[in-house]
Structures are given as C-alpha cells and as structure tokens.
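Coordinates from query.txt are shown below (compact mmCIF, C-alpha atoms and all ligand atoms).
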```txt
# COMPACT_ATOMS: atom_id res chain seq x y z
CA MET A 1 109.34 144.33 107.06
CA HIS A 2 106.17 142.94 108.50
CA HIS A 3 102.51 143.22 107.65
CA PHE A 4 101.31 145.41 110.54
CA GLN A 5 101.24 148.82 108.89
CA TYR A 6 99.12 151.94 109.02
CA ARG A 7 96.91 152.79 106.09
CA GLY A 8 95.93 156.33 106.80
CA ASN A 9 95.31 156.44 110.52
CA GLU A 10 94.42 152.83 110.92
CA MET A 11 96.70 149.89 111.56
CA TYR A 12 96.10 146.87 109.36
CA CYS A 13 97.27 143.32 109.58
CA GLU A 14 97.75 142.44 105.92
CA ASP A 15 94.43 143.62 104.39
CA VAL A 16 92.33 143.54 107.55
CA PRO A 17 91.79 146.59 109.79
CA ILE A 18 92.86 145.43 113.25
CA GLN A 19 90.02 147.40 114.81
CA ILE A 20 87.51 145.12 113.06
CA ILE A 21 89.12 142.01 114.53
CA ALA A 22 89.18 143.59 117.99
CA GLN A 23 85.47 144.38 117.74
CA LYS A 24 84.60 140.86 116.61
CA VAL A 25 86.94 138.80 118.80
CA GLY A 26 87.13 141.05 121.85
CA THR A 27 90.39 141.99 123.57
CA PRO A 28 93.05 141.10 124.45
CA PHE A 29 94.24 138.74 121.72
CA TYR A 30 97.38 137.73 119.86
CA LEU A 31 97.39 138.43 116.15
CA TYR A 32 99.69 136.74 113.61
CA SER A 33 100.27 137.60 109.97
CA HIS A 34 100.43 134.54 107.73
CA ALA A 35 102.39 136.40 105.04
CA THR A 36 104.98 137.59 107.55
CA LEU A 37 105.40 134.14 109.10
CA LYS A 38 105.83 132.61 105.67
CA ARG A 39 108.26 135.25 104.46
CA HIS A 40 110.39 135.06 107.58
CA PHE A 41 110.60 131.28 107.42
CA SER A 42 111.50 131.30 103.74
CA ALA A 43 114.02 134.14 104.05
CA PHE A 44 115.78 132.28 106.85
CA ASN A 45 115.75 128.97 105.00
CA ASP A 46 116.86 130.51 101.69
CA ALA A 47 119.81 132.17 103.42
CA PHE A 48 121.36 128.70 103.59
CA ASP A 49 120.94 127.90 99.89
CA GLY A 50 123.79 125.78 98.64
CA ILE A 51 124.05 123.55 101.68
CA ASN A 52 122.10 120.68 103.10
CA ARG A 53 120.01 122.07 105.93
CA LEU A 54 116.90 121.54 107.97
CA VAL A 55 115.21 124.46 109.71
CA CYS A 56 113.73 123.10 112.93
CA PHE A 57 111.56 125.95 114.22
CA SER A 58 111.85 126.28 117.99
CA ALA A 59 108.38 125.43 119.28
CA LYS A 60 108.81 127.29 122.56
CA ALA A 61 108.68 130.62 120.73
CA ASN A 62 105.19 129.99 119.37
CA SER A 63 103.55 126.58 119.47
CA ASN A 64 100.10 127.29 118.09
CA ILE A 65 99.34 124.35 115.81
CA ALA A 66 98.28 126.62 112.94
CA VAL A 67 101.69 128.29 113.08
CA LEU A 68 103.45 124.92 113.25
CA LYS A 69 101.33 123.59 110.40
CA LEU A 70 102.41 126.50 108.21
CA PHE A 71 106.07 125.65 108.83
CA ALA A 72 105.39 121.94 108.27
CA ASN A 73 103.89 122.86 104.88
CA LEU A 74 107.08 124.79 104.08
CA GLY A 75 109.18 121.68 104.79
CA GLY A 76 110.23 122.73 108.27
CA GLY A 77 111.17 120.58 111.21
CA LEU A 78 110.77 121.31 114.91
CA ASP A 79 113.00 121.90 117.92
CA ILE A 80 111.19 120.67 121.02
CA VAL A 81 111.92 120.68 124.74
CA SER A 82 108.99 118.68 126.11
CA GLY A 83 106.57 115.87 125.44
CA GLY A 84 103.87 118.51 125.06
CA GLU A 85 105.76 120.21 122.24
CA LEU A 86 106.28 116.82 120.58
CA PHE A 87 102.53 116.20 120.77
CA ARG A 88 101.78 119.60 119.25
CA GLY A 89 104.35 119.13 116.47
CA LEU A 90 102.92 115.75 115.48
CA LYS A 91 99.37 117.12 115.57
CA ALA A 92 100.48 119.90 113.23
CA GLY A 93 101.94 117.39 110.79
CA ILE A 94 105.65 117.88 111.42
CA LEU A 95 107.40 114.68 110.32
CA PRO A 96 109.04 112.78 113.21
CA ASP A 97 112.35 112.55 111.37
CA ARG A 98 112.47 116.35 111.32
CA ILE A 99 112.21 116.76 115.08
CA VAL A 100 115.15 117.43 117.41
CA TYR A 101 114.76 117.27 121.16
CA SER A 102 116.78 119.60 123.42
CA GLY A 103 116.56 120.43 127.13
CA VAL A 104 118.41 119.60 130.35
CA GLY A 105 115.52 117.83 132.07
CA LYS A 106 113.96 115.20 129.81
CA SER A 107 111.86 112.81 131.89
CA VAL A 108 111.59 109.03 131.40
CA ASP A 109 108.10 109.37 129.92
CA GLU A 110 109.22 112.07 127.54
CA ILE A 111 112.25 110.06 126.43
CA ASP A 112 110.07 106.99 125.79
CA TYR A 113 107.54 109.08 123.85
CA ALA A 114 110.29 110.52 121.63
CA LEU A 115 111.92 107.11 121.13
CA LYS A 116 108.64 105.52 120.09
CA THR A 117 107.90 108.45 117.78
CA GLY A 118 111.22 108.01 116.01
CA ILE A 119 112.51 111.58 116.17
CA LEU A 120 115.61 112.69 114.25
CA MET A 121 117.80 113.12 117.33
CA PHE A 122 118.12 113.83 121.02
CA ASN A 123 120.34 116.77 121.89
CA VAL A 124 121.81 115.30 125.04
CA GLU A 125 122.76 117.69 127.81
CA SER A 126 124.43 115.47 130.43
CA ILE A 127 126.15 112.12 130.90
CA GLU A 128 123.33 110.91 133.16
CA GLU A 129 120.80 111.75 130.48
CA LEU A 130 122.88 109.85 127.91
CA GLU A 131 122.89 106.78 130.14
CA LEU A 132 119.16 107.01 130.75
CA ILE A 133 118.37 107.33 127.05
CA ASN A 134 120.54 104.27 126.42
CA LYS A 135 118.65 102.30 129.07
CA ARG A 136 115.22 103.30 127.81
CA ALA A 137 116.20 102.59 124.20
CA SER A 138 117.43 99.15 125.25
CA LEU A 139 114.10 98.39 126.99
CA LEU A 140 112.27 99.41 123.83
CA ASN A 141 114.71 97.51 121.66
CA LEU A 142 115.65 100.62 119.73
CA LYS A 143 118.75 102.61 118.95
CA ALA A 144 118.55 106.25 120.04
CA PRO A 145 120.06 108.80 117.62
CA VAL A 146 121.93 111.43 119.63
CA ALA A 147 123.92 114.60 119.38
CA ILE A 148 125.73 115.99 122.38
CA ARG A 149 125.01 119.61 123.23
CA VAL A 150 128.31 121.34 123.74
CA ASN A 151 128.64 124.28 126.04
CA PRO A 152 131.31 126.28 124.19
CA ASN A 153 131.72 128.92 126.90
CA ILE A 154 130.92 131.81 124.59
CA ASP A 155 129.47 135.12 125.70
CA SER A 156 126.47 135.87 123.51
CA LYS A 157 126.13 139.29 125.19
CA THR A 158 122.41 139.00 125.74
CA HIS A 159 120.16 139.22 128.80
CA PRO A 160 121.59 136.91 131.51
CA TYR A 161 118.31 134.95 131.75
CA ILE A 162 118.54 133.95 128.08
CA SER A 163 122.28 133.45 127.71
CA THR A 164 122.96 129.72 127.56
CA GLY A 165 126.46 129.15 126.22
CA LEU A 166 128.56 130.20 129.19
CA LYS A 167 130.18 127.64 131.45
CA LYS A 168 128.21 129.04 134.40
CA ASN A 169 124.93 128.20 132.55
CA LYS A 170 123.22 124.86 133.11
CA PHE A 171 123.19 123.91 129.44
CA GLY A 172 125.12 121.28 127.51
CA ILE A 173 128.29 119.45 128.38
CA ASP A 174 131.40 121.43 129.06
CA TYR A 175 133.65 121.84 126.02
CA LYS A 176 136.54 120.22 127.88
CA THR A 177 134.68 117.02 128.80
CA VAL A 178 132.59 116.60 125.70
CA ILE A 179 135.10 114.23 124.06
CA GLU A 180 134.73 111.88 127.05
CA GLY A 181 130.97 112.06 126.56
CA TYR A 182 131.31 111.03 122.91
CA LYS A 183 133.64 108.15 123.82
CA LEU A 184 131.07 106.88 126.31
CA ALA A 185 128.24 107.33 123.78
CA GLY A 186 130.25 105.25 121.32
CA ARG A 187 130.42 102.38 123.83
CA LEU A 188 126.73 102.38 124.72
CA GLU A 189 124.83 99.59 122.91
CA ASN A 190 121.61 101.45 122.21
CA ILE A 191 123.03 104.83 121.32
CA GLU A 192 123.86 105.92 117.81
CA VAL A 193 126.01 109.02 117.70
CA ILE A 194 124.95 111.11 114.74
CA GLY A 195 125.41 114.75 115.62
CA ILE A 196 126.78 117.63 117.61
CA ASP A 197 124.78 120.58 118.89
CA CYS A 198 125.14 123.99 120.48
CA HIS A 199 122.85 126.88 121.32
CA ILE A 200 124.51 129.88 122.91
CA GLY A 201 121.58 132.11 123.80
CA SER A 202 118.67 134.12 122.50
CA GLN A 203 118.09 137.65 121.14
CA ILE A 204 121.74 137.76 120.03
CA ILE A 205 122.33 140.90 117.98
CA GLU A 206 125.94 140.40 116.91
CA ALA A 207 127.38 137.98 114.38
CA GLN A 208 130.63 137.30 116.21
CA PRO A 209 129.37 134.96 118.98
CA PHE A 210 127.81 132.69 116.34
CA GLU A 211 131.08 132.62 114.38
CA ASP A 212 133.04 131.80 117.52
CA ALA A 213 130.65 128.96 118.35
CA LEU A 214 130.90 127.61 114.81
CA LYS A 215 134.69 127.62 114.98
CA SER A 216 134.82 125.75 118.26
CA ILE A 217 132.27 123.15 117.11
CA LYS A 218 134.15 122.60 113.84
CA ARG A 219 137.31 122.02 115.85
CA LEU A 220 135.50 119.42 117.95
CA ILE A 221 134.15 117.66 114.86
CA ASP A 222 137.74 117.33 113.58
CA GLU A 223 138.95 116.00 116.93
CA LEU A 224 136.14 113.47 116.98
CA LYS A 225 136.98 112.38 113.46
CA ASP A 226 140.54 111.63 114.54
CA LEU A 227 139.04 109.39 117.23
CA GLY A 228 136.97 107.55 114.62
CA ILE A 229 133.70 109.24 115.64
CA GLU A 230 131.90 110.45 112.54
CA ILE A 231 129.49 113.39 112.91
CA ARG A 232 126.74 113.75 110.29
CA TYR A 233 124.52 116.47 111.75
CA LEU A 234 125.70 119.86 112.96
CA ASP A 235 123.00 121.65 114.94
CA MET A 236 123.80 125.35 115.43
CA GLY A 237 120.74 126.04 117.62
CA GLY A 238 118.80 129.29 117.40
CA GLY A 239 119.32 132.69 118.95
CA LEU A 240 119.34 135.24 116.14
CA GLY A 241 117.87 138.45 117.52
CA ILE A 242 115.25 140.83 116.11
CA THR A 243 114.52 144.55 116.24
CA TYR A 244 112.24 145.42 119.14
CA ASP A 245 113.40 149.01 119.46
CA ASP A 246 116.58 150.22 117.79
CA GLU A 247 118.66 147.03 117.72
CA SER A 248 120.23 146.11 114.39
CA PRO A 249 120.81 142.36 114.46
CA PRO A 250 122.55 140.63 111.56
CA HIS A 251 120.30 139.88 108.61
CA PRO A 252 119.72 136.11 108.13
CA GLY A 253 122.01 136.27 105.09
CA GLU A 254 124.82 137.74 107.18
CA TYR A 255 124.22 135.18 109.92
CA ALA A 256 124.23 132.35 107.38
CA ARG A 257 127.28 133.32 105.34
CA PRO A 258 130.07 132.01 107.62
CA ILE A 259 128.09 128.82 108.20
CA VAL A 260 127.51 128.28 104.49
CA ASN A 261 131.19 128.99 103.77
CA ALA A 262 132.32 126.53 106.43
CA LEU A 263 130.00 123.73 105.34
CA GLU A 264 129.90 124.13 101.57
CA SER A 265 132.54 121.55 100.89
CA SER A 266 131.66 119.19 103.76
CA HIS A 267 129.25 116.30 103.96
CA LEU A 268 127.71 117.70 107.15
CA GLN A 269 123.96 118.22 107.30
CA LEU A 270 123.14 121.51 109.05
CA ILE A 271 120.29 121.88 111.52
CA LEU A 272 119.05 125.27 112.76
CA GLU A 273 116.64 125.99 115.58
CA PRO A 274 115.41 129.55 115.02
CA GLY A 275 112.46 130.77 117.05
CA ARG A 276 112.22 134.50 117.62
CA VAL A 277 113.62 135.59 114.25
CA ILE A 278 110.81 133.76 112.45
CA VAL A 279 107.80 134.65 114.59
CA GLY A 280 108.75 137.64 116.77
CA ASN A 281 107.80 140.40 114.36
CA ALA A 282 105.04 138.32 112.79
CA GLY A 283 102.77 138.79 115.80
CA ILE A 284 101.33 141.51 118.00
CA LEU A 285 99.22 141.65 121.12
CA VAL A 286 96.07 143.75 120.82
CA THR A 287 94.72 145.22 124.02
CA ARG A 288 92.11 147.78 125.01
CA VAL A 289 92.56 150.76 127.31
CA LEU A 290 90.33 150.20 130.34
CA TYR A 291 91.12 153.28 132.38
CA ARG A 292 93.28 156.33 132.57
CA LYS A 293 94.47 157.51 135.93
CA SER A 294 96.97 159.96 137.29
CA GLY A 295 99.20 159.31 140.23
CA ARG A 296 101.47 161.82 141.87
CA GLY A 297 103.53 162.98 138.90
CA LYS A 298 102.65 159.82 137.00
CA GLU A 299 100.21 158.97 134.26
CA PHE A 300 98.86 155.44 134.05
CA ILE A 301 97.17 153.73 131.15
CA VAL A 302 95.45 150.60 132.43
CA THR A 303 94.98 147.94 129.75
CA ASP A 304 93.06 144.69 129.69
CA ALA A 305 96.27 142.74 128.95
CA GLY A 306 98.53 142.01 131.87
CA MET A 307 101.77 140.27 132.73
CA ASN A 308 100.00 136.92 132.58
CA ASP A 309 99.30 137.58 128.88
CA LEU A 310 102.72 139.01 128.00
CA MET A 311 105.39 138.22 130.53
CA ARG A 312 108.44 139.63 128.75
CA PRO A 313 108.38 143.23 130.03
CA THR A 314 108.00 142.03 133.62
CA LEU A 315 110.47 139.17 133.46
CA TYR A 316 113.27 140.66 131.35
CA ASN A 317 112.44 144.33 131.37
CA ALA A 318 111.95 143.76 127.67
CA PHE A 319 110.97 146.61 125.38
CA HIS A 320 107.90 146.25 123.17
CA ALA A 321 106.80 149.20 121.05
CA ILE A 322 103.19 150.13 121.78
CA LYS A 323 101.14 151.91 119.14
CA PRO A 324 97.52 153.02 118.88
CA VAL A 325 95.50 150.84 116.51
CA VAL A 326 93.79 154.00 115.30
CA LYS A 327 95.94 157.12 115.30
CA THR A 328 94.35 160.34 116.41
CA LYS A 329 95.88 163.79 116.49
CA GLU A 330 96.25 163.57 120.26
CA ARG A 331 99.30 165.04 121.92
CA LEU A 332 101.98 162.74 123.30
CA ILE A 333 102.18 161.94 126.99
CA THR A 334 104.59 159.91 129.09
CA ALA A 335 102.88 157.11 130.93
CA ASP A 336 103.22 153.68 132.47
CA ILE A 337 101.14 151.17 130.57
CA VAL A 338 100.01 148.68 133.15
CA GLY A 339 97.83 145.58 133.41
CA PRO A 340 95.02 144.58 135.78
CA ILE A 341 97.13 142.29 137.99
CA CYS A 342 97.85 143.03 141.62
CA GLU A 343 101.59 143.40 141.28
CA SER A 344 103.69 146.47 140.66
CA GLY A 345 105.68 144.40 138.16
CA ASP A 346 102.59 144.11 136.02
CA PHE A 347 103.47 146.49 133.21
CA LEU A 348 103.76 146.48 129.46
CA ALA A 349 105.89 149.64 129.44
CA VAL A 350 107.29 152.12 131.94
CA ASN A 351 107.75 155.87 131.31
CA ARG A 352 106.77 155.45 127.71
CA GLU A 353 105.98 158.27 125.34
CA ILE A 354 102.66 157.43 123.79
CA SER A 355 99.70 159.26 122.29
CA ASP A 356 97.15 160.45 124.78
CA VAL A 357 94.80 157.47 124.41
CA LYS A 358 91.40 157.27 126.09
CA ASN A 359 89.48 154.40 127.61
CA GLY A 360 88.08 152.14 124.92
CA ASP A 361 91.00 152.76 122.52
CA PHE A 362 92.89 149.78 121.17
CA LEU A 363 96.65 149.44 121.48
CA ALA A 364 99.00 147.21 119.51
CA VAL A 365 101.89 145.77 121.49
CA MET A 366 104.39 145.10 118.74
CA SER A 367 106.88 142.24 118.24
CA ALA A 368 104.90 139.87 120.44
CA GLY A 369 104.81 136.82 118.18
CA ALA A 370 107.67 135.08 120.01
CA TYR A 371 107.46 134.04 123.66
CA GLY A 372 104.16 135.88 123.98
CA PHE A 373 101.31 133.43 124.13
CA THR A 374 103.64 130.51 124.97
CA MET A 375 104.72 132.16 128.20
CA SER A 376 101.25 133.29 129.19
CA SER A 377 99.44 131.85 132.19
CA ASN A 378 96.16 131.74 134.06
CA TYR A 379 97.55 133.80 136.95
CA CYS A 380 94.77 135.53 138.90
CA SER A 381 92.38 133.11 137.17
CA ARG A 382 92.50 135.22 134.07
CA LEU A 383 91.37 133.47 130.92
CA ARG A 384 94.02 132.67 128.37
CA ILE A 385 93.46 134.87 125.38
CA PRO A 386 92.70 133.96 121.75
CA GLU A 387 95.21 133.71 118.96
CA VAL A 388 94.13 134.97 115.55
CA MET A 389 95.81 134.49 112.18
CA VAL A 390 95.26 136.82 109.25
CA LYS A 391 95.75 135.75 105.66
CA ASP A 392 95.16 138.45 103.05
CA ASP A 393 91.72 139.94 103.82
CA LEU A 394 90.47 137.19 106.13
CA PHE A 395 91.09 136.35 109.76
CA TYR A 396 90.77 133.04 111.61
CA VAL A 397 90.63 132.43 115.34
CA VAL A 398 93.29 129.72 115.67
CA ARG A 399 92.81 129.42 119.40
CA ALA A 400 89.57 130.35 121.16
CA ARG A 401 89.47 132.48 124.28
CA GLN A 402 89.17 130.29 127.36
CA GLU A 403 85.92 130.18 129.30
CA TYR A 404 85.47 130.07 133.06
CA GLU A 405 84.80 126.32 132.98
CA ASP A 406 88.25 125.80 131.40
CA LEU A 407 89.79 127.30 134.53
CA ILE A 408 88.62 124.47 136.76
CA ALA A 409 88.90 121.61 134.27
CA GLY A 410 90.50 118.68 136.07
CA GLU A 411 90.03 120.13 139.55
CA SER A 412 87.86 118.39 142.13
CA THR A 413 86.99 118.64 145.81
CA PRO A 414 87.79 115.53 147.89
CA PRO A 415 84.94 113.75 149.79
CA PHE A 416 86.21 114.95 153.18
CA LEU A 417 85.37 118.52 152.18
CA GLU A 418 81.77 117.69 151.27
CA ASN A 419 79.21 118.20 154.03
N1 LIG A 501 117.18 126.08 120.68
C1 LIG A 501 117.29 125.97 122.02
C2 LIG A 501 117.95 124.81 122.58
C3 LIG A 501 116.77 126.97 122.85
O1 LIG A 501 116.89 126.86 124.17
C4 LIG A 501 116.14 128.11 122.28
C5 LIG A 501 115.59 129.17 123.13
C6 LIG A 501 116.03 128.17 120.87
C7 LIG A 501 116.58 127.15 120.10
C8 LIG A 501 115.36 129.32 120.17
O2 LIG A 501 116.00 130.50 120.41
P1 LIG A 501 115.58 131.83 119.60
O3 LIG A 501 115.92 131.62 118.12
O4 LIG A 501 114.15 132.05 119.77
O5 LIG A 501 116.40 132.89 120.20
N2 LIG A 501 111.64 133.57 126.84
C9 LIG A 501 112.79 134.31 126.37
C10 LIG A 501 113.62 133.52 125.38
C11 LIG A 501 114.08 132.19 125.90
C12 LIG A 501 114.86 131.40 124.90
C13 LIG A 501 115.04 130.01 125.35
N3 LIG A 501 115.68 129.16 124.40
C14 LIG A 501 112.31 135.64 125.80
O6 LIG A 501 111.11 135.92 125.84
O7 LIG A 501 113.13 136.45 125.35
```
Mind turning the file's structure into structure tokens?
Ligand code: LLP
Amino acid sequence: MHHFQYRGNEMYCEDVPIQIIAQKVGTPFYLYSHATLKRHFSAFNDAFDGINRLVCFSAKANSNIAVLKLFANLGGGLDIVSGGELFRGLKAGILPDRIVYSGVGKSVDEIDYALKTGILMFNVESIEELELINKRASLLNLKAPVAIRVNPNIDSKTHPYISTGLKKNKFGIDYKTVIEGYKLAGRLENIEVIGIDCHIGSQIIEAQPFEDALKSIKRLIDELKDLGIEIRYLDMGGGLGITYDDESPPHPGEYARPIVNALESSHLQLILEPGRVIVGNAGILVTRVLYRKSGRGKEFIVTDAGMNDLMRPTLYNAFHAIKPVVKTKERLITADIVGPICESGDFLAVNREISDVKNGDFLAVMSAGAYGFTMSSNYCSRLRIPEVMVKDDLFYVVRARQEYEDLIAGESTPPFLEN
C-alpha cells in the first residue's frame, strides 16, 4: 500500500490534495510520500531481522538528497555507481563506511575519491579494475576494501535492458574465472579482500532467480574458504520488482526468507542494494493535459510531461498506470498519452483506456518514484522538473524547477565567434 489514494473524487498524497500542490508548484513535477518511503525502507530492512545486514539503497533509482537523508536517518547505507552519487550520498549524511561502489566503468578520479572517502567496499567488475584500484590505493598509501562482483549466469527473466546476471551481460566477473580473480586480489599489496557481490537484474518478479544466485554465491564462498580466502560481506545486490500493473512480485519477507535461513548460523554480514522496491511506488509524476486531438482513428491526450521527464515508457515500453487527479463521471476512452517532444517515441502510454480528460486536467502517472527523475534530461532544452515531498499535511519542494539560465550554465562562446 502507498499513500496516493482517492478521498472521494480527489487523489491525495498522504493528507494533501494533489491538485493543491499542482496549482502551487505548477506542472509537471515528481511527488514523493515520506510515509511510503519510510514504510518501504523499514519493511524491507525488517524482513531481514535476525541477521546482520546493511541496506544500501541504490542511489540510481532516486538520488534526491532529501530522499537519501531520510534513509540515512533510518540507518541506511548507499549503493553508488559514480562519483556524483558518492557526492550526493555524503551531502545527505550517509556514513562513508555504509557505502558500496558498483559499476563496470569506474574512472581514476572516481576511484581516488572513493578511496579518500573511506567507503565500505568496491564491488570490482573486472581484473583490470582490480589492478587499477590496487595502484591508486598504493599511491594514496591506503588499502582498498574490495568484493568481486560475480556474474552467476542466471536468467532473472526481466527486460533484456535491465537483466545483468547473464554471461552475455557486461557485468561482473564470470563465475568460472572468479576464483582466479580472488587469488590475484589476495596477492595485491594494497587490496583487502572482504566481500563477494552479485546483482542479477532489476524488476525481478520471481523468487527463484534470487535463490539460485544465493546458492551459487554460497558455493563460491565455501570454495574460497578452502583456499584460505575469508569472506566477511555478502552483497546480494538489488532487483526485487514491484507492481506497476498486474505483476505479483515476492513480498520482501518472501524474498528475505531463504537469505535469512542461509545466513542465520553464519558470521557473514549481508548487504542489500534495493532501489525500485523502496521508492518505486512511493512516487508519482503529476502532469497537466495541454491538448486533446484526434487523429485518424486515434485519440491523443497531449501532456506537459514528456519522455525527457519520464523515460521508462519510451525506453523499455514500461507500463505506468495513469489516473486523473480529480475523478469526474466522464466516460472512458482509449487514447495515446503523449508528450510535447518531437519524436513518435515520446509517449507515457499507448492505446490506454482512460477517462475522457480535458485540457487543464491533472493526471497522476503512478509508480514513478524509481528511475523517474534520475533518468530525466534536458532534451529539447526542457527544464528539469521539481521534486516535491509530502509529509502528513505539508509539502516541501525538495528540488526547484530549473530556470532558463540553468540551461546554459557553464556554456560559453569562444572569442573567434564574437564579431
Ligand atoms: N545494484 C546494482 C549493481 C544495480 O545495477 C542496480 C540497478 C541496483 C542495485 C538496484 O536495482 P533495483 O533494486 O532498483 O532493481 N532504469 C531501469 C532500471 C535499471 C537498473 C540498473 N541497476 C528501469 O527504469 O527499469
């Protein structure tokens, strides 16, 4: 359950009518419910009661510093994939020793930044990266704590763009060669092996792939032990799916149970990197209908939010429910809900049954709290939109709408163009 519900005909976020926020802030904007964020984080964390664990929220899903600060206050850590995410996490008050750093393409500057910060561990994705981290740590006179990200070759049965645990994917080190990687790590002066990591994909709606990954990682931990390599941290990544439409993903408790059972009697410290399951249904995108138009046998609803604001429908053909902020007794129509951008791929929904909304009406694009704002862009020189957080009966703009001047910040014209 989330806190975007109708009271009578009007949709509220917690105790605030969404229409009021839209009138005050303007549209489009992202809207997050504090109570939902908090409940989702706690429910996920509590599912692992009984074992030593650290929930490192995956910053890429939603990196607004107010959101990160909330998780920091709840004792959360952070899963980052860039120097920028590290910067945000620190600004939000996430403790360095609760930050894990994943990603196949860490640059020298990013590695140095993370080393100097003293993060919990690097999730290393290649032998070359391991060697580079060792070199940089040696220059800084530090020891780098690392886990190796294993590619377990498991089919997470999700969209191909967000499946990551198959051998054809670019992620991690192949299951078969990972032992060699650990042996090398053990020999490198400035590397301290502390963990093992995997992340098999995103929006996974079955429990089995997670169980398979757990089994294969446990087997590796035992093999490593026989070689005298002691693993302290087991990072199971993220990936638990949510309901966008009619999916029924495992409940966090169901997802956690096999992990808790497997680790109860071990000394291993568990790390999790959930993103979507915490924030996805804790946020919506609010947009206004600009125009209605009819094509040949087609109805179009043109909104002021486009693919640059919410990329998921365009990029993955992802489904987001779209509901009127104020329900009227209008009949239902079937329409394409499209944005203002000059591409046919600029849609929020295609052939969608929706109430017969008019220009000026507000629409709520549901389940947009994960990979919504973070994947947005300034394409077509459109201003990046505000993010708003509601707590009880109050709302706060936690990111202001950009202004035209922001669009050209940092740009300049060279002297040879001046006349
Ligand atoms: N850890 C690692 C190493 C990851 O690569 C990801 C997501 C996560 C954790 C968090 O996964 P989650 O719990 O959110 O499934 N833009 C796509 C999703 C891309 C996911 C990338 N990695 C979308 O909008 O569906």
Please give me, as a ChimeraX atom specification, the residues lying within 8 Å of ligand LIG 501 (chain A) when counting all atoms listed in the file. /A:57-58,60-61,79,81,102-103,161-162,164,198-199,201-204,237-241,272-278,311-312,316,318,370-372,375
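Separating CA of Ala335 in chain A from CA of Asn351 in chain A is a distance of 5.0 Å.
The residue that comes closest to Ile133 in chain A, out of A:Ile18, A:Leu78, A:Ile191, A:Ile119 and on the basis of only C-alpha atoms, is A:Ile191.
Each of A:Arg187, A:Lys323, A:Lys135, A:Lys298 was compared to Asp336 in chain A using only C-alpha atoms, and A:Lys298 turns out to be the nearest.
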Interatomic distance (Å, one decimal) between CA of Lys38 in chain A and CA of Pro96 in chain A: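 A separation of 21.5 Å between them.
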Select, from A:Arg352, A:Arg399, A:Lys327, A:Arg288, the residue with the minimum atom-to-atom distance to Tyr6 in chain A, counting only C-alpha atoms.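 The shortest atom-to-atom distance to Tyr6 in chain A comes from A:Lys327.
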Give me the residues near Thr334 in chain A as JSON, numbers by chain, where near means some atom within 10 Å (using all atoms listed in the file) and where sequence neighbours in that chain fewer than 4 positions away do not count. {"A": [298, 299, 300, 301, 350, 351, 352, 353, 354, 355, 356]}
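Between CA of Ala400 in chain A and CA of Thr287 in chain A the interatomic distance comes to 16.0 Å.
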I'd like to know which of A:Asn9, A:Asn261, A:Ser138, A:Ser33 is closest to Asp49 in chain A, using all atoms listed in the file.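 Closest to Asp49 in chain A, using all atoms listed in the file: A:Asn261.
Shortest atom-to-atom contact with His251 in chain A among A:Val388, A:Met11, A:Ala144, A:Ile205: A:Ile205, counting only C-alpha atoms.
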Can you tell me, as a tab-separated table (two decimals) with C-alpha atoms, in the frame of the given file, what residues are no more than 12 Å from Asn141 in chain A when counting all atoms listed in the file, ignoring any on the same chain fewer than 4 positions away?
```
chain	number	residue	atom	x	y	z
A	112	ASP	CA	110.07	106.99	125.79
A	115	LEU	CA	111.92	107.11	121.13
A	116	LYS	CA	108.64	105.52	120.09
A	133	ILE	CA	118.37	107.33	127.05
A	134	ASN	CA	120.54	104.27	126.42
A	135	LYS	CA	118.65	102.30	129.07
A	136	ARG	CA	115.22	103.30	127.81
A	137	ALA	CA	116.20	102.59	124.20
A	189	GLU	CA	124.83	99.59	122.91
A	190	ASN	CA	121.61	101.45	122.21
A	191	ILE	CA	123.03	104.83	121.32
```
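Comparing A:Ala368, A:Cys380, A:Val325, A:Leu90 by their smallest distance to Tyr32 in chain A, the closest is A:Ala368 (using only C-alpha atoms).
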Kindly complete range 94-105 of chain A to N, CA, C and O atoms; the output should be written as a tab-separated table (two decimals), keeping the file's coordinate frame.
```tsv
chain	number	residue	atom	x	y	z
A	94	ILE	N	104.19	117.87	111.58
A	94	ILE	CA	105.65	117.88	111.42
A	94	ILE	C	106.11	116.41	111.38
A	94	ILE	O	105.70	115.61	112.23
A	95	LEU	N	106.97	116.08	110.43
A	95	LEU	CA	107.40	114.68	110.32
A	95	LEU	C	108.36	114.34	111.46
A	95	LEU	O	109.24	115.14	111.80
A	96	PRO	N	108.18	113.15	112.08
A	96	PRO	CA	109.04	112.78	113.21
A	96	PRO	C	110.53	112.88	112.90
A	96	PRO	O	111.30	113.34	113.73
A	97	ASP	N	110.91	112.52	111.66
A	97	ASP	CA	112.35	112.55	111.37
A	97	ASP	C	112.85	113.96	111.06
A	97	ASP	O	113.95	114.14	110.54
A	98	ARG	N	112.01	114.95	111.40
A	98	ARG	CA	112.47	116.35	111.32
A	98	ARG	C	112.39	117.01	112.69
A	98	ARG	O	112.30	118.23	112.80
A	99	ILE	N	112.36	116.19	113.74
A	99	ILE	CA	112.21	116.76	115.08
A	99	ILE	C	113.47	116.49	115.91
A	99	ILE	O	113.95	115.36	115.98
A	100	VAL	N	114.01	117.57	116.49
A	100	VAL	CA	115.15	117.43	117.41
A	100	VAL	C	114.69	117.82	118.82
A	100	VAL	O	113.85	118.70	118.98
A	101	TYR	N	115.25	117.14	119.79
A	101	TYR	CA	114.76	117.27	121.16
A	101	TYR	C	115.88	117.75	122.08
A	101	TYR	O	116.80	117.03	122.39
A	102	SER	N	115.78	119.01	122.52
A	102	SER	CA	116.78	119.60	123.42
A	102	SER	C	116.22	119.72	124.84
A	102	SER	O	115.03	119.47	125.04
A	103	GLY	N	117.03	120.15	125.77
A	103	GLY	CA	116.56	120.43	127.13
A	103	GLY	C	117.30	119.62	128.18
A	103	GLY	O	117.57	118.43	127.98
A	104	VAL	N	117.58	120.26	129.31
A	104	VAL	CA	118.41	119.60	130.35
A	104	VAL	C	117.62	118.62	131.20
A	104	VAL	O	118.21	117.84	131.95
A	105	GLY	N	116.30	118.63	131.12
A	105	GLY	CA	115.52	117.83	132.07
A	105	GLY	C	114.49	116.92	131.43
A	105	GLY	O	113.32	116.94	131.82
```
